[in-house]
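The block underneath contains the structure these notes are about, expressed in structure tokens.
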Amino acid sequence: MLRQEQNELVTRTGPGTPMGQLFRSYWIPALLAEELPEDGCPPVRIKLLSERLLAVRDSEGRYGLIDEFCAHRGVSLWFGRNEDGGIRCPYHGWKYDVTGQCVEVPSEPAENGFCQKIKLTGYKLVKIGDILWAYMGPEESEPPLPEWEFAKVAPAQTFTSKRLQECNWLQAMEGGIDSSHVSWLHRGALNTDPLFKGAKGNQYNLKDAKPVFEVVEAPGGLYIGARRNAEDGKYYWRITPWVMPSFTMVPPRGDHPVHGHFWIPIDDENCWAWSFDYHPTRALTDHERQAMLDGHGIHVTYVPGTYRPAANKDNDYLMDRAAQKRGDTYSGVAGIAMQDASLQESMGPIVDRTKENLVSTDNGIIMARHRLVRAAKALAEKGVLPPGRDAAHQRVRSAAVILPPDQAFKDAAAEDLKVREGVKQSSV
């Protein structure tokens, strides 16, 4: 368990908090590129790390992320006009470029230089793959641009979605590195979901519900190995990389695309669950892409016009007790993503970790918390930049492998856990 002050430290990410400072050390997913589809399109309101911001793509194609509110009298610039290289407040005509710099105050003489003194908070926003990435930290500490494999492969090989999750980022992320629940919560989906079914590894998940966990530190975070029994005395290993602060990759199944997540705080009680699928060596099939659009695998369908899941806490996640009783779904909630989200949200906005009773299968979660705490304190107290910012830390893969009992996964699967261009994922 964590003490209350430790729980506060790892869950609070607003301005001025240690964990907020940590998140601001990275490029983080901010929007899907489809949300700003063309030059001069309407701006998008977004909240990240408890800051209310406006995402803009100006008439010249430049991206920016700026304070939502006009510096004059606090009007939301979402109502503004995107015109001639900037966003103009409709109240009194003050105009800002994509950096937040005020470039025109119509009521003031241009020669007095007043507008040059006005600048909103502004952050960099860049397009890599199908995501717009934001950097919200100090300019002098800006890391290299993201190098995640799913964002660098050809567009035909990758698919990304996001969904609102109505709980703190950490309890959502901890679900992403907990492989032991798969044998229970997702057991119905392993043999029916089109993006999971048919893999040999599913049999090991279903036959052995008591995985043994081994966790080792990696340069950017952790490798979390879950060991289950296979044939001939060998072990089936599912190895999940966690890269700080909140990247996880699900171990692959057969030749299905590889899944993964980012868990990005909106505020302390809500987060964006970013979900990607990609294949390192081939295009996604039409069938696979359609399954993702239809909410299979780790994706969801939405309330129309939003990124809120259609199954949500207001409708009890469309719980089906008859399906639960038949065994179609173990929890009565359909869909792998919402099976996870429903239980994580059921803990409350911020779970009270002082009441936990952790066991050996929670070792990955325990070590991730310790590493987050150490890194946040080192940054806040000594200015030590955290792991996970380097390109080498990001060029990792998850893996599913069969190994003899005398081989440690960290050594035997070392090459399987690296990005190898032109080489398929290591899968069972």
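Ordering of the structure tokens sets the chain letters (A, B, ...), residue numbers begin anew at 1 in every chain, and ligands are numbered from 1 in the order given.
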Could you name the residues that touch Ala311 (chain A) at 9 Å or less, counting only C-alpha atoms, but leaving out those on the same chain fewer than 4 positions away, as a PDB file with C-alpha atoms, in the first residue's frame?
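Result file is out05.pdb:
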```
ATOM      1  CA  VAL A 300     -14.499   1.325 -28.200  1.00  0.00           C
ATOM      2  CA  THR A 301     -17.523   2.848 -29.870  1.00  0.00           C
ATOM      3  CA  TYR A 302     -18.505   6.359 -28.816  1.00  0.00           C
ATOM      4  CA  VAL A 303     -21.357   8.541 -27.774  1.00  0.00           C
ATOM      5  CA  ASN A 315     -25.626   3.442 -18.224  1.00  0.00           C
ATOM      6  CA  ASP A 316     -23.753   0.951 -16.003  1.00  0.00           C
ATOM      7  CA  TYR A 317     -21.479   0.095 -18.941  1.00  0.00           C
ATOM      8  CA  LEU A 318     -24.425  -1.726 -20.583  1.00  0.00           C
ATOM      9  CA  MET A 319     -23.990  -4.516 -18.038  1.00  0.00           C
ATOM     10  CA  VAL A 333     -19.490  -5.915 -19.649  1.00  0.00           C
ATOM     11  CA  ALA A 334     -18.760  -6.343 -23.341  1.00  0.00           C
ATOM     12  CA  MET A 338     -14.645  -1.307 -21.267  1.00  0.00           C
ATOM     13  CA  SER A 342     -15.558  -0.177 -15.867  1.00  0.00           C
TER      14      SER A 342
END
```
Contacts of region 136-140 of chain A at 10 Å or less, counting only C-alpha atoms, minus same-chain residues fewer than 2 places along, as a PDB file with all heavy atoms, in the first residue's frame?
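Now in result-v1.pdb:
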```pdb
ATOM      1  N   GLY A  20       3.119  16.438 -11.967  1.00  0.00           N
ATOM      2  CA  GLY A  20       2.826  17.303 -13.102  1.00  0.00           C
ATOM      3  C   GLY A  20       4.091  17.769 -13.798  1.00  0.00           C
ATOM      4  O   GLY A  20       4.165  17.836 -15.028  1.00  0.00           O
ATOM      5  N   GLN A  21       5.111  18.096 -13.016  1.00  0.00           N
ATOM      6  CA  GLN A  21       6.401  18.474 -13.585  1.00  0.00           C
ATOM      7  C   GLN A  21       7.004  17.309 -14.348  1.00  0.00           C
ATOM      8  O   GLN A  21       7.603  17.495 -15.417  1.00  0.00           O
ATOM      9  CB  GLN A  21       7.345  18.934 -12.469  1.00  0.00           C
ATOM     10  CG  GLN A  21       8.653  19.523 -12.957  1.00  0.00           C
ATOM     11  CD  GLN A  21       9.543  19.993 -11.809  1.00  0.00           C
ATOM     12  OE1 GLN A  21       9.165  19.942 -10.640  1.00  0.00           O
ATOM     13  NE2 GLN A  21      10.751  20.452 -12.134  1.00  0.00           N
ATOM     14  N   LEU A  22       6.825  16.093 -13.827  1.00  0.00           N
ATOM     15  CA  LEU A  22       7.343  14.915 -14.510  1.00  0.00           C
ATOM     16  C   LEU A  22       6.684  14.754 -15.874  1.00  0.00           C
ATOM     17  O   LEU A  22       7.368  14.585 -16.891  1.00  0.00           O
ATOM     18  CB  LEU A  22       7.107  13.666 -13.650  1.00  0.00           C
ATOM     19  CG  LEU A  22       7.726  12.380 -14.191  1.00  0.00           C
ATOM     20  CD1 LEU A  22       9.209  12.319 -13.855  1.00  0.00           C
ATOM     21  CD2 LEU A  22       7.007  11.156 -13.633  1.00  0.00           C
ATOM     22  N   PHE A  23       5.359  14.788 -15.928  1.00  0.00           N
ATOM     23  CA  PHE A  23       4.658  14.640 -17.207  1.00  0.00           C
ATOM     24  C   PHE A  23       5.062  15.734 -18.184  1.00  0.00           C
ATOM     25  O   PHE A  23       5.119  15.499 -19.400  1.00  0.00           O
ATOM     26  CB  PHE A  23       3.140  14.659 -16.988  1.00  0.00           C
ATOM     27  CG  PHE A  23       2.528  13.298 -16.870  1.00  0.00           C
ATOM     28  CD1 PHE A  23       2.328  12.726 -15.625  1.00  0.00           C
ATOM     29  CD2 PHE A  23       2.152  12.582 -17.993  1.00  0.00           C
ATOM     30  CE1 PHE A  23       1.764  11.469 -15.500  1.00  0.00           C
ATOM     31  CE2 PHE A  23       1.588  11.326 -17.889  1.00  0.00           C
ATOM     32  CZ  PHE A  23       1.385  10.761 -16.643  1.00  0.00           C
ATOM     33  N   ARG A  24       5.352  16.916 -17.674  1.00  0.00           N
ATOM     34  CA  ARG A  24       5.735  18.024 -18.545  1.00  0.00           C
ATOM     35  C   ARG A  24       7.171  17.896 -19.057  1.00  0.00           C
ATOM     36  O   ARG A  24       7.647  18.770 -19.769  1.00  0.00           O
ATOM     37  CB  ARG A  24       5.525  19.350 -17.806  1.00  0.00           C
ATOM     38  CG  ARG A  24       4.055  19.706 -17.639  1.00  0.00           C
ATOM     39  CD  ARG A  24       3.834  20.859 -16.654  1.00  0.00           C
ATOM     40  NE  ARG A  24       2.445  21.292 -16.591  1.00  0.00           N
ATOM     41  CZ  ARG A  24       1.481  20.682 -15.898  1.00  0.00           C
ATOM     42  NH1 ARG A  24       1.773  19.592 -15.192  1.00  0.00           N
ATOM     43  NH2 ARG A  24       0.241  21.130 -15.915  1.00  0.00           N
ATOM     44  N   SER A  25       7.822  16.799 -18.725  1.00  0.00           N
ATOM     45  CA  SER A  25       9.166  16.535 -19.243  1.00  0.00           C
ATOM     46  C   SER A  25       9.136  15.731 -20.543  1.00  0.00           C
ATOM     47  O   SER A  25      10.197  15.456 -21.118  1.00  0.00           O
ATOM     48  CB  SER A  25       9.981  15.751 -18.202  1.00  0.00           C
ATOM     49  OG  SER A  25      10.118  16.473 -17.006  1.00  0.00           O
ATOM     50  N   TYR A  26       7.941  15.343 -21.004  1.00  0.00           N
ATOM     51  CA  TYR A  26       7.815  14.448 -22.158  1.00  0.00           C
ATOM     52  C   TYR A  26       6.938  15.078 -23.238  1.00  0.00           C
ATOM     53  O   TYR A  26       6.105  15.943 -22.963  1.00  0.00           O
ATOM     54  CB  TYR A  26       7.149  13.128 -21.737  1.00  0.00           C
ATOM     55  CG  TYR A  26       7.869  12.358 -20.668  1.00  0.00           C
ATOM     56  CD1 TYR A  26       7.626  12.611 -19.320  1.00  0.00           C
ATOM     57  CD2 TYR A  26       8.804  11.374 -20.997  1.00  0.00           C
ATOM     58  CE1 TYR A  26       8.287  11.899 -18.327  1.00  0.00           C
ATOM     59  CE2 TYR A  26       9.464  10.661 -20.006  1.00  0.00           C
ATOM     60  CZ  TYR A  26       9.203  10.927 -18.668  1.00  0.00           C
ATOM     61  OH  TYR A  26       9.854  10.222 -17.692  1.00  0.00           O
ATOM     62  N   TRP A  27       7.104  14.591 -24.456  1.00  0.00           N
ATOM     63  CA  TRP A  27       6.093  14.789 -25.486  1.00  0.00           C
ATOM     64  C   TRP A  27       4.958  13.822 -25.171  1.00  0.00           C
ATOM     65  O   TRP A  27       5.184  12.617 -25.020  1.00  0.00           O
ATOM     66  CB  TRP A  27       6.646  14.480 -26.870  1.00  0.00           C
ATOM     67  CG  TRP A  27       7.590  15.514 -27.408  1.00  0.00           C
ATOM     68  CD1 TRP A  27       8.955  15.481 -27.366  1.00  0.00           C
ATOM     69  CD2 TRP A  27       7.235  16.720 -28.087  1.00  0.00           C
ATOM     70  NE1 TRP A  27       9.476  16.608 -27.959  1.00  0.00           N
ATOM     71  CE2 TRP A  27       8.440  17.381 -28.426  1.00  0.00           C
ATOM     72  CE3 TRP A  27       6.016  17.309 -28.438  1.00  0.00           C
ATOM     73  CZ2 TRP A  27       8.455  18.601 -29.097  1.00  0.00           C
ATOM     74  CZ3 TRP A  27       6.026  18.528 -29.109  1.00  0.00           C
ATOM     75  CH2 TRP A  27       7.244  19.160 -29.438  1.00  0.00           C
ATOM     76  N   ILE A  28       3.734  14.330 -25.063  1.00  0.00           N
ATOM     77  CA  ILE A  28       2.594  13.485 -24.739  1.00  0.00           C
ATOM     78  C   ILE A  28       1.526  13.602 -25.821  1.00  0.00           C
ATOM     79  O   ILE A  28       1.369  14.650 -26.453  1.00  0.00           O
ATOM     80  CB  ILE A  28       1.988  13.844 -23.367  1.00  0.00           C
ATOM     81  CG1 ILE A  28       1.520  15.301 -23.317  1.00  0.00           C
ATOM     82  CG2 ILE A  28       2.991  13.558 -22.249  1.00  0.00           C
ATOM     83  CD1 ILE A  28       0.779  15.669 -22.029  1.00  0.00           C
ATOM     84  N   LEU A  48      -5.468  19.335 -20.491  1.00  0.00           N
ATOM     85  CA  LEU A  48      -4.353  18.426 -20.239  1.00  0.00           C
ATOM     86  C   LEU A  48      -3.660  18.842 -18.950  1.00  0.00           C
ATOM     87  O   LEU A  48      -3.391  20.034 -18.737  1.00  0.00           O
ATOM     88  CB  LEU A  48      -3.336  18.470 -21.385  1.00  0.00           C
ATOM     89  CG  LEU A  48      -3.708  17.802 -22.714  1.00  0.00           C
ATOM     90  CD1 LEU A  48      -2.625  18.075 -23.739  1.00  0.00           C
ATOM     91  CD2 LEU A  48      -3.926  16.310 -22.542  1.00  0.00           C
ATOM     92  N   LEU A  49      -3.372  17.879 -18.093  1.00  0.00           N
ATOM     93  CA  LEU A  49      -2.633  18.144 -16.865  1.00  0.00           C
ATOM     94  C   LEU A  49      -3.262  19.301 -16.095  1.00  0.00           C
ATOM     95  O   LEU A  49      -2.584  20.161 -15.548  1.00  0.00           O
ATOM     96  CB  LEU A  49      -1.161  18.421 -17.172  1.00  0.00           C
ATOM     97  CG  LEU A  49      -0.441  17.364 -18.035  1.00  0.00           C
ATOM     98  CD1 LEU A  49       1.004  17.772 -18.281  1.00  0.00           C
ATOM     99  CD2 LEU A  49      -0.507  15.984 -17.396  1.00  0.00           C
ATOM    100  N   LEU A  65      -0.714  25.035 -29.271  1.00  0.00           N
ATOM    101  CA  LEU A  65      -1.555  24.726 -28.114  1.00  0.00           C
ATOM    102  C   LEU A  65      -1.401  25.899 -27.162  1.00  0.00           C
ATOM    103  O   LEU A  65      -0.324  26.134 -26.604  1.00  0.00           O
ATOM    104  CB  LEU A  65      -1.074  23.425 -27.471  1.00  0.00           C
ATOM    105  CG  LEU A  65      -1.984  22.742 -26.445  1.00  0.00           C
ATOM    106  CD1 LEU A  65      -3.305  22.333 -27.085  1.00  0.00           C
ATOM    107  CD2 LEU A  65      -1.285  21.524 -25.867  1.00  0.00           C
ATOM    108  N   THR A 121       0.052  31.690 -22.436  1.00  0.00           N
ATOM    109  CA  THR A 121       0.826  30.458 -22.335  1.00  0.00           C
ATOM    110  C   THR A 121       0.667  29.679 -23.635  1.00  0.00           C
ATOM    111  O   THR A 121      -0.453  29.510 -24.149  1.00  0.00           O
ATOM    112  CB  THR A 121       0.323  29.607 -21.158  1.00  0.00           C
ATOM    113  OG1 THR A 121       0.528  30.324 -19.948  1.00  0.00           O
ATOM    114  CG2 THR A 121       1.049  28.273 -21.095  1.00  0.00           C
ATOM    115  N   GLY A 122       1.764  29.207 -24.184  1.00  0.00           N
ATOM    116  CA  GLY A 122       1.716  28.454 -25.434  1.00  0.00           C
ATOM    117  C   GLY A 122       2.677  27.282 -25.405  1.00  0.00           C
ATOM    118  O   GLY A 122       3.771  27.379 -24.841  1.00  0.00           O
ATOM    119  N   TYR A 123       2.247  26.175 -25.998  1.00  0.00           N
ATOM    120  CA  TYR A 123       3.068  24.965 -26.034  1.00  0.00           C
ATOM    121  C   TYR A 123       3.198  24.469 -27.467  1.00  0.00           C
ATOM    122  O   TYR A 123       2.322  24.679 -28.305  1.00  0.00           O
ATOM    123  CB  TYR A 123       2.433  23.860 -25.177  1.00  0.00           C
ATOM    124  CG  TYR A 123       2.239  24.229 -23.731  1.00  0.00           C
ATOM    125  CD1 TYR A 123       0.969  24.238 -23.158  1.00  0.00           C
ATOM    126  CD2 TYR A 123       3.324  24.579 -22.924  1.00  0.00           C
ATOM    127  CE1 TYR A 123       0.775  24.565 -21.826  1.00  0.00           C
ATOM    128  CE2 TYR A 123       3.141  24.912 -21.584  1.00  0.00           C
ATOM    129  CZ  TYR A 123       1.867  24.908 -21.047  1.00  0.00           C
ATOM    130  OH  TYR A 123       1.687  25.239 -19.723  1.00  0.00           O
ATOM    131  N   LYS A 124       4.291  23.759 -27.708  1.00  0.00           N
ATOM    132  CA  LYS A 124       4.521  23.187 -29.034  1.00  0.00           C
ATOM    133  C   LYS A 124       3.575  22.019 -29.274  1.00  0.00           C
ATOM    134  O   LYS A 124       3.272  21.241 -28.371  1.00  0.00           O
ATOM    135  CB  LYS A 124       5.967  22.728 -29.171  1.00  0.00           C
ATOM    136  CG  LYS A 124       6.970  23.867 -29.220  1.00  0.00           C
ATOM    137  CD  LYS A 124       8.372  23.355 -29.496  1.00  0.00           C
ATOM    138  CE  LYS A 124       9.360  24.511 -29.610  1.00  0.00           C
ATOM    139  NZ  LYS A 124      10.747  24.038 -29.867  1.00  0.00           N
ATOM    140  N   LEU A 125       3.136  21.914 -30.518  1.00  0.00           N
ATOM    141  CA  LEU A 125       2.248  20.838 -30.939  1.00  0.00           C
ATOM    142  C   LEU A 125       2.730  20.366 -32.305  1.00  0.00           C
ATOM    143  O   LEU A 125       2.821  21.172 -33.234  1.00  0.00           O
ATOM    144  CB  LEU A 125       0.808  21.363 -31.022  1.00  0.00           C
ATOM    145  CG  LEU A 125      -0.321  20.348 -31.185  1.00  0.00           C
ATOM    146  CD1 LEU A 125      -0.451  19.469 -29.948  1.00  0.00           C
ATOM    147  CD2 LEU A 125      -1.652  21.064 -31.453  1.00  0.00           C
ATOM    148  N   TRP A 133       1.251  15.694 -30.916  1.00  0.00           N
ATOM    149  CA  TRP A 133       1.975  15.550 -29.652  1.00  0.00           C
ATOM    150  C   TRP A 133       2.286  16.926 -29.082  1.00  0.00           C
ATOM    151  O   TRP A 133       2.702  17.837 -29.808  1.00  0.00           O
ATOM    152  CB  TRP A 133       3.287  14.793 -29.878  1.00  0.00           C
ATOM    153  CG  TRP A 133       3.126  13.449 -30.505  1.00  0.00           C
ATOM    154  CD1 TRP A 133       2.890  13.170 -31.824  1.00  0.00           C
ATOM    155  CD2 TRP A 133       3.190  12.182 -29.843  1.00  0.00           C
ATOM    156  NE1 TRP A 133       2.809  11.815 -32.017  1.00  0.00           N
ATOM    157  CE2 TRP A 133       2.991  11.172 -30.825  1.00  0.00           C
ATOM    158  CE3 TRP A 133       3.404  11.803 -28.512  1.00  0.00           C
ATOM    159  CZ2 TRP A 133       2.995   9.817 -30.510  1.00  0.00           C
ATOM    160  CZ3 TRP A 133       3.418  10.453 -28.198  1.00  0.00           C
ATOM    161  CH2 TRP A 133       3.210   9.482 -29.195  1.00  0.00           C
ATOM    162  N   ALA A 134       2.134  17.062 -27.773  1.00  0.00           N
ATOM    163  CA  ALA A 134       2.394  18.332 -27.094  1.00  0.00           C
ATOM    164  C   ALA A 134       3.583  18.196 -26.159  1.00  0.00           C
ATOM    165  O   ALA A 134       3.774  17.159 -25.517  1.00  0.00           O
ATOM    166  CB  ALA A 134       1.166  18.765 -26.309  1.00  0.00           C
ATOM    167  N   GLU A 142      13.548  20.549 -23.491  1.00  0.00           N
ATOM    168  CA  GLU A 142      12.737  19.839 -24.493  1.00  0.00           C
ATOM    169  C   GLU A 142      13.447  18.566 -24.974  1.00  0.00           C
ATOM    170  O   GLU A 142      14.596  18.606 -25.389  1.00  0.00           O
ATOM    171  CB  GLU A 142      12.459  20.749 -25.686  1.00  0.00           C
ATOM    172  CG  GLU A 142      11.598  20.103 -26.752  1.00  0.00           C
ATOM    173  CD  GLU A 142      11.332  21.034 -27.916  1.00  0.00           C
ATOM    174  OE1 GLU A 142      11.157  22.254 -27.679  1.00  0.00           O
ATOM    175  OE2 GLU A 142      11.319  20.564 -29.068  1.00  0.00           O
ATOM    176  N   PRO A 143      12.761  17.417 -24.916  1.00  0.00           N
ATOM    177  CA  PRO A 143      13.384  16.168 -25.353  1.00  0.00           C
ATOM    178  C   PRO A 143      13.294  16.003 -26.861  1.00  0.00           C
ATOM    179  O   PRO A 143      12.588  16.765 -27.545  1.00  0.00           O
ATOM    180  CB  PRO A 143      12.539  15.109 -24.642  1.00  0.00           C
ATOM    181  CG  PRO A 143      11.188  15.741 -24.536  1.00  0.00           C
ATOM    182  CD  PRO A 143      11.418  17.225 -24.363  1.00  0.00           C
TER     183      PRO A 143
END
```
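Closest approach to Ala375 (chain A) among A:Gly260, A:Gly100, A:Pro280, A:Gly388 is made by A:Gly388 (distances from only C-alpha atoms).
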- [ ] Output as a ChimeraX atom specification all residues of region 7-186 of chain A that backbone DSSP marks as strand (DSSP E).
- [x] /A:27-32,44-48,51-57,63-67,81-83,86-88,95-96,102-104,122-128,131-135,158-165
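For region 196-200 of chain A, the list of residues within 7 Å, based on only C-alpha atoms and with local chain neighbours fewer than 4 positions off taken out, reads Leu190, Asn191, Thr192, Arg253, Gly254, His256, Gly297 and Val428 of chain A.
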Selected residues written out, N, CA, C and O atoms, as a PDB file, in the first residue's frame:
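This went into part.pdb:
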```
ATOM      1  N   LEU A 190     -10.998 -13.762 -25.161  1.00  0.00           N
ATOM      2  CA  LEU A 190      -9.798 -14.309 -25.796  1.00  0.00           C
ATOM      3  C   LEU A 190     -10.131 -15.194 -26.990  1.00  0.00           C
ATOM      4  O   LEU A 190      -9.377 -15.235 -27.966  1.00  0.00           O
ATOM      5  N   ASN A 191     -11.253 -15.889 -26.924  1.00  0.00           N
ATOM      6  CA  ASN A 191     -11.613 -16.802 -28.016  1.00  0.00           C
ATOM      7  C   ASN A 191     -12.687 -16.251 -28.939  1.00  0.00           C
ATOM      8  O   ASN A 191     -13.111 -16.948 -29.871  1.00  0.00           O
ATOM      9  N   THR A 192     -13.126 -15.007 -28.705  1.00  0.00           N
ATOM     10  CA  THR A 192     -14.186 -14.448 -29.550  1.00  0.00           C
ATOM     11  C   THR A 192     -13.814 -13.118 -30.199  1.00  0.00           C
ATOM     12  O   THR A 192     -14.300 -12.819 -31.288  1.00  0.00           O
ATOM     13  N   ARG A 253      -0.333 -11.490 -29.680  1.00  0.00           N
ATOM     14  CA  ARG A 253      -0.986 -12.794 -29.794  1.00  0.00           C
ATOM     15  C   ARG A 253      -0.995 -13.210 -31.260  1.00  0.00           C
ATOM     16  O   ARG A 253      -1.626 -12.563 -32.096  1.00  0.00           O
ATOM     17  N   GLY A 254      -0.289 -14.281 -31.575  1.00  0.00           N
ATOM     18  CA  GLY A 254      -0.216 -14.755 -32.952  1.00  0.00           C
ATOM     19  C   GLY A 254       0.278 -13.662 -33.882  1.00  0.00           C
ATOM     20  O   GLY A 254       1.174 -12.888 -33.547  1.00  0.00           O
ATOM     21  N   HIS A 256      -1.718 -11.294 -34.893  1.00  0.00           N
ATOM     22  CA  HIS A 256      -2.567 -10.117 -34.725  1.00  0.00           C
ATOM     23  C   HIS A 256      -1.709  -8.867 -34.559  1.00  0.00           C
ATOM     24  O   HIS A 256      -0.556  -8.941 -34.107  1.00  0.00           O
ATOM     25  N   GLY A 297     -11.129  -5.409 -29.801  1.00  0.00           N
ATOM     26  CA  GLY A 297      -9.792  -5.295 -29.249  1.00  0.00           C
ATOM     27  C   GLY A 297      -9.791  -4.302 -28.105  1.00  0.00           C
ATOM     28  O   GLY A 297     -10.633  -4.363 -27.210  1.00  0.00           O
ATOM     29  N   VAL A 428       3.262 -15.684 -29.736  1.00  0.00           N
ATOM     30  CA  VAL A 428       2.815 -17.077 -29.608  1.00  0.00           C
ATOM     31  C   VAL A 428       1.308 -17.102 -29.837  1.00  0.00           C
ATOM     32  O   VAL A 428       0.594 -16.279 -29.268  1.00  0.00           O
TER      33      VAL A 428
END
```
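For the choices A:Ser180, A:Gln101, A:Thr248, A:Asn112, the atom-to-atom distance to Gln394 (chain A) is smallest for A:Thr248 when using only C-alpha atoms.
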TODO: Between A:Val423, A:Cys89, A:Ala154, A:Ala399, single out the one closest to Trp237 (chain A), counting only C-alpha atoms.
DONE: A:Ala399
